[in-house]
2 protein chains.
Amino acid sequence: MKILDCTLRDGGYYTEWDFSKEVVEKYFKSFNDLPVDYLEIGYRSNPMKEYLGEYFYCPQYVLEQAHTFSNKKLVVILNEKDVREEHVPALLAPCVGIISMVRIALDPEQLSRALVLAEAIKKMGFEVGFNVMYMSKWKQYKGFLDELKYVDAVADYFYMVDSYGGVYPKDVIETMDLVKQRTACKIGFHGHNNLELALINSLTAVEHGAAMIDATVTGMGRGAGNLKTELLLTALNARKDVKVDFNALSNVVDAFEKLQEHYSWGTNLPYMVSGANSLPQKDVMEWVTKRFYSFNSIIRALHNQKEKVEDNQKLPLFQPAKRYAKAVIIGGGPNAQQHQAAVMEYMQRNSDEICLIHASSKNAGSYKGIRADQYFCLVGNEGHRLENIFRGELSHFNGQCVLPPFPRKMGTYIPEAIQEKSFELASVDFTDKLRDSHTALALQTALTLGVQEVLLVGYDGYQDKTITQLEKGLSDENESLFDAFTAYGKCPLRSLTPTNYKNLPVVSVYAYLV
Amino acid sequence: MKILDCTLRDGGYYTEWDFSKEVVEKYFKSFNDLPVDYLEIGYRSNPMKEYLGEYFYCPQYVLEQAHTFSNKKLVVILNEKDVREEHVPALLAPCVGIISMVRIALDPEQLSRALVLAEAIKKMGFEVGFNVMYMSKWKQYKGFLDELKYVDAVADYFYMVDSYGGVYPKDVIETMDLVKQRTACKIGFHGHNNLELALINSLTAVEHGAAMIDATVTGMGRGAGNLKTELLLTALNARKDVKVDFNALSNVVDAFEKLQEHYSWGTNLPYMVSGANSLPQKDVMEWVTKRFYSFNSIIRALHNQKEKVEDNQKLPLFQPAKRYAKAVIIGGGPNAQQHQAAVMEYMQRNSDEICLIHASSKNAGSYKGIRADQYFCLVGNEGHRLENIFRGELSHFNGQCVLPPFPRKMGTYIPEAIQEKSFELASVDFTDKLRDSHTALALQTALTLGVQEVLLVGYDGYQDKTITQLEKGLSDENESLFDAFTAYGKCPLRSLTPTNYKNLPVVSVYAYLV
């Protein structure tokens with residue numbers, strides 16, 4: 001039985017495939033002393049439109065550096081959906097002499113196309129591995145099962161991937177039987193850890209003849225993550241199957257635990273629910289890591305997906321009769337509290353022509369007493385937040401609650417007390433992206449209220465030096481929304497409080513108060 | 001199949017059995033909407049010497065409060081080793097009418113004594129549960145197996161506890177068979193999660209006829225923790241076995257995840273090693289949470305336990321010929337860096353009669369250039385730390401390295417470059433506790449160097465307001481060591497830098513420099 005560690009490749013989903021030099025060096029050097037056979041270092045890929053880092057492309061110097069550091073067999077993987085036969089020579093030429101195995105990540109529906117790709121890779125002299133997703137659904141794909149007999153000719157390893165992290169040991173055995181009846185290819189297993197079954201599933205696969213197991217240090221990997229390399233090695237060591245240098249193992253675990261403190265991979269309630277019900281974890285990962293939706297909202301959204309309910313509540317359209325000259329939009333940044341007195345004063349002075357829009361209800365408590373009309377944007381989680389902030393006084397404001405257009409992916413939660421005051425937008429006009437972002441909803445609400453000027457408060461942005469990838473993502477989103485809104489040309493956008501957003505003009509709130 | 005949640009009881013190992021009112025209320029109210037049958041709220045216990053909180057004693061008002069909040073059957077547990085038949089009436093009288101089941105946590109060696117206890121409990125009208133530890137070793141205990149036949153008469157549930165967190169599904173089946181052959185009592189299973197096998201072991205137990213499963217929210221519990229309640233419920237829900245209100249589940253998970261950020265329970269490499277090799281996790285938990293030993297040191301110590309090597313390196317005794325009038329001991333607090341220039345200046349002025357003792361090497365880098373003789377205390381992890389700080393220049397100091405007396409529980413790691421300079425203390429004379437504490441070692445080193453005055457630097461202590469339980473533990477330790485040292489009466493103890501330790505007299509280092 002062989003072990004393949006794919007920490008850099010699969011962990012890259014959290015870091016956009018960038019890792020510090022120190023982590024990379026510690027990774028390769030520690031593994032030199034560990035009983036692992038293959039290290040999959042990343043993807044090779046044609047250029048993609050979004051930003052993806054070093055280990056997504058693995059340029060030649062990266063390959064060479066890995067080769068210098070490591071005494072293991074090295075592996076890269078190709079995304080079948082983005083790579084065709086004709087790309088192979090150029091993509092893999094730099095790998096010759098460095099890389100031992102090339103794997104292909106594929107949807108089972110694309111097996112015939114992948115067979116062609118595999119042949120081209122094999123011709124260049126690499127070992128070939130198929131990483132086939134969605135093993136829990138294979139028995140439904142007759143075409144796929146029929147074609148398995150062609151795999152022997154072109155692949156050295158045929159991997160079953162538990163994409164949802166929802167299979168149990170008995171499913172592993174059953175699926176292995178399906179495969180073994182059709183191909184003599186060596187079988188591999190890549191287990192996800194949503195239900196904490198990655199170890200037992202992997203050991204079960206080995207007992208039933210699997211020839212290779214994937215794992216990653218600390219389980220780092222997309223969504224809930226993978227079988228933990230340290231767990232597999234410790235379990236095998238206790239059974240006397242392998243000798244383990246625990247100093248080396250501990251060193252590499254240490255390095256990735258520090259990253260984990262920052263990125264927080266691993267299973268949690270939303271990943272458990274998606275795993276147990278075979279729901280894709282891509283959305284869940286976005287919701288968990290980026291948008292800070294409550295587990296409640298995520299689970300409601302997952303439940304909707306599972307029951308194939310897109311969203312079950314069609315609300316009356318937001319068609320306000322009232323018009324305002326200006327809207328102040330309150331964001332979630334600390335400056336909305338810091339400068340609260342000034343903003344309140346500014347609004348009181350203009351109370352006839354101005355309204356308040358809460359993009360997030362995070363700072364809504366600070367503006368409770370205001371006399372102006374207020375609009376609350378209810379994306380995902382916000383209904384619960386509002387309840388927590390306002391308790392009994394929830395409905396005591398002039399104005400309304402606004403939800404994204406139907407259907408809402410994240411579901412609809414509206415506290416009882418404001419049901420009557422809640423409406424949905426007909427559409428988001430100034431952008432076709434990010435319809436479930438707080439800022440998009442707030443800006444569209446301002447447009448619908450016919451304002452001639454939008455004033456932002458508490459859109460602090462982040463300082464470059466200390467920004468995390470997550471914050472950068474959110475900040476980039478807002479930046480692109482500001483650009484889209486400005487380009488849309490209906491009304492100008494200004495910040496009343498200090499901001500790090502470069503495309504946001506500032507007029508200090510205090511300038512209006514002199 | 002029934003589910004028992006024991007979060008407050010087992011989670012108390014991390015919080016000393018104190019939980020905030022908010023957490024407790026959320027716990028009981030959330031569970032009112034969840035398909036769980038029993039809630040074990042804590043221990044009932046005779047007075048113990050150390051501090052243990054509310055849910056370790058469960059006084060009457062705690063029982064009544066739980067009864068008010070909860071619509072579930074409530075459970076308390078007794079530690080068999082500390083409770084005898086004659087204590088039962090007084091311990092359990094307040095439970096009558098509130099508590100449904102009383103469990104007994106016991107070592108299998110004490111089964112006959114526990115049977116007597118159980119009878120006394122049964123007489124008071126409670127359901128009785130046996131929680132029997134070390135299931136992986138039962139087959140070695142013939143006496144225990146022979147007595148199992150008496151269990152039926154006095155117990156309603158007989159729990160198999162995977163104390164080490166090291167059993168696999170096949171072991172669960174095998175042990176259940178052992179039990180089922182000997183008693184008709186309903187079987188329960190309490191799984192630990194060191195190897196992430198708690199779910200599969202529990203489901204396996206249920207498949208083979210277990211009538212009750214223990215779980216805790218977020219797995220909170222001693223060491224690596226338990227089967228996660230949310231994981232069990234999600235898995236059962238996906239199989240359509242139970243209906244789950246995910247709002248309620250998410251609420252209670254949320255409350256305990258906040259605690260988890262602080263206490264960090266859950267498995268990690270040391271817990272995996274102890275689980276896989278059936279080593280007690282009590283020591284591991286102390287090492288991981290309290291002393292910040294590196295995983296390396298812990299794993300070495302575990303390895304020593306496993307191989308029954310207490311410590312394999314007998315060092316020459318620390319018998320320094322040189323004597324000093326004073327020693328400065330450098331601790332790990334920020335003040336050791338803050339006031340470094342002054343301390344250096346003070347030492348240069350007295351360089352003939354004074355030496356430097358590094359209790360921790362955390363601040364050793366700041367004192368590298370000093371001309372005075374230096375002594376390094378090598379507890380657990382410190383050898384590695386020293387290497388990281390000094391790299392190539394490790395041996396370039398006048399002085400020696402001092403280790404605790406033989407045998408050393410945490411093992412011995414001495415960097416190659418200072419092997420010749422390393423010695424062990426013959427004994428620690430001024431205290432019989434905490435021999436593996438940095439401060440104890442440093443103070444004993446000072447005594448052995450014959451000093452007449454000990455001056456502490458960087459023993460900052462903590463401010464009461466922000467102190468965590470962990471910091472409080474360390475601070476209490478140091479405080480008791482200062483008391484013991486002062487009582488020993490050989491030489492006075494003073495701090496040169498600001499300190500929050502109330503029993504440490506201060507003379508400002510700057511007072512000596514005017």
# chains A, B, ... in the order shown; residues from 1 in each chain; ligands from 1

$ select_by_dssp --residues "segment 180-335 of chain B" --states "helix (DSSP H, G or I)" --output "MDAnalysis selection string"
chainID B and resid 180 198:207 217:219 229:238 246:263 269:276 281:289 295:306 335

$ interface_residues --of "chain B" --to "chain A" --cutoff "7 Å" --atoms "only C-alpha atoms" --output "VMD selection string"
chain B and resid 195 to 196 230 to 231 234 to 235 238 246 to 247 250 269 272 to 273 276 to 277 295 to 296

$ write_last_selection --atoms "C-alpha atoms" --output "short mmCIF file (atom, residue, chain, number, x, y, z; two decimals), in the first residue's frame"
data_model
loop_
_atom_site.label_atom_id
_atom_site.label_comp_id
_atom_site.auth_asym_id
_atom_site.auth_seq_id
_atom_site.Cartn_x
_atom_site.Cartn_y
_atom_site.Cartn_z
CA LEU B 195 -8.55 8.62 16.00
CA GLU B 196 -11.76 10.20 14.68
CA GLU B 230 -24.13 17.33 16.06
CA LEU B 231 -22.33 14.71 13.99
CA THR B 234 -26.76 14.82 11.37
CA ALA B 235 -25.76 11.29 10.38
CA ALA B 238 -29.65 11.79 6.80
CA PHE B 246 -31.16 22.32 12.84
CA ASN B 247 -31.85 25.76 14.24
CA SER B 250 -26.91 25.13 15.38
CA LEU B 269 -1.12 14.52 17.03
CA MET B 272 -3.74 10.44 18.20
CA VAL B 273 -0.53 8.83 19.42
CA ALA B 276 -3.48 4.58 18.84
CA ASN B 277 -1.21 3.11 21.48
CA PHE B 295 4.22 17.87 20.20
CA ASN B 296 7.72 16.48 19.77
#

$ atom_distance --atom1 "atom CA of Thr183 of chain B" --atom2 "atom CA of Phe158 of chain B"
9.1 Å

$ select_by_dssp --residues "segment 10-206 of chain B" --states "strand (DSSP E or B)" --output "ChimeraX atom specification"
/B:38-43,73-79,99-106,127-132,157-161,186-190,192

$ residues_around --residues "Val167 of chain B" --least-positions-apart "5" --cutoff "7 Å" --atoms "only C-alpha atoms" --output "number ranges by chain"
B: 136, 162, 172

$ closest_residue --among "B:Tyr159, B:Cys58, B:Gln337, B:Thr216" --to "Leu106 of chain B" --atoms "only C-alpha atoms"
B:Tyr159

$ closest_residue --among "A:Leu203, A:Val428, A:Ile389, A:Leu8" --to "Met220 of chain A" --atoms "only C-alpha atoms"
A:Leu8

$ atom_distance --atom1 "atom CA of Val457 of chain B" --atom2 "atom CA of Ile330 of chain B"
4.9 Å
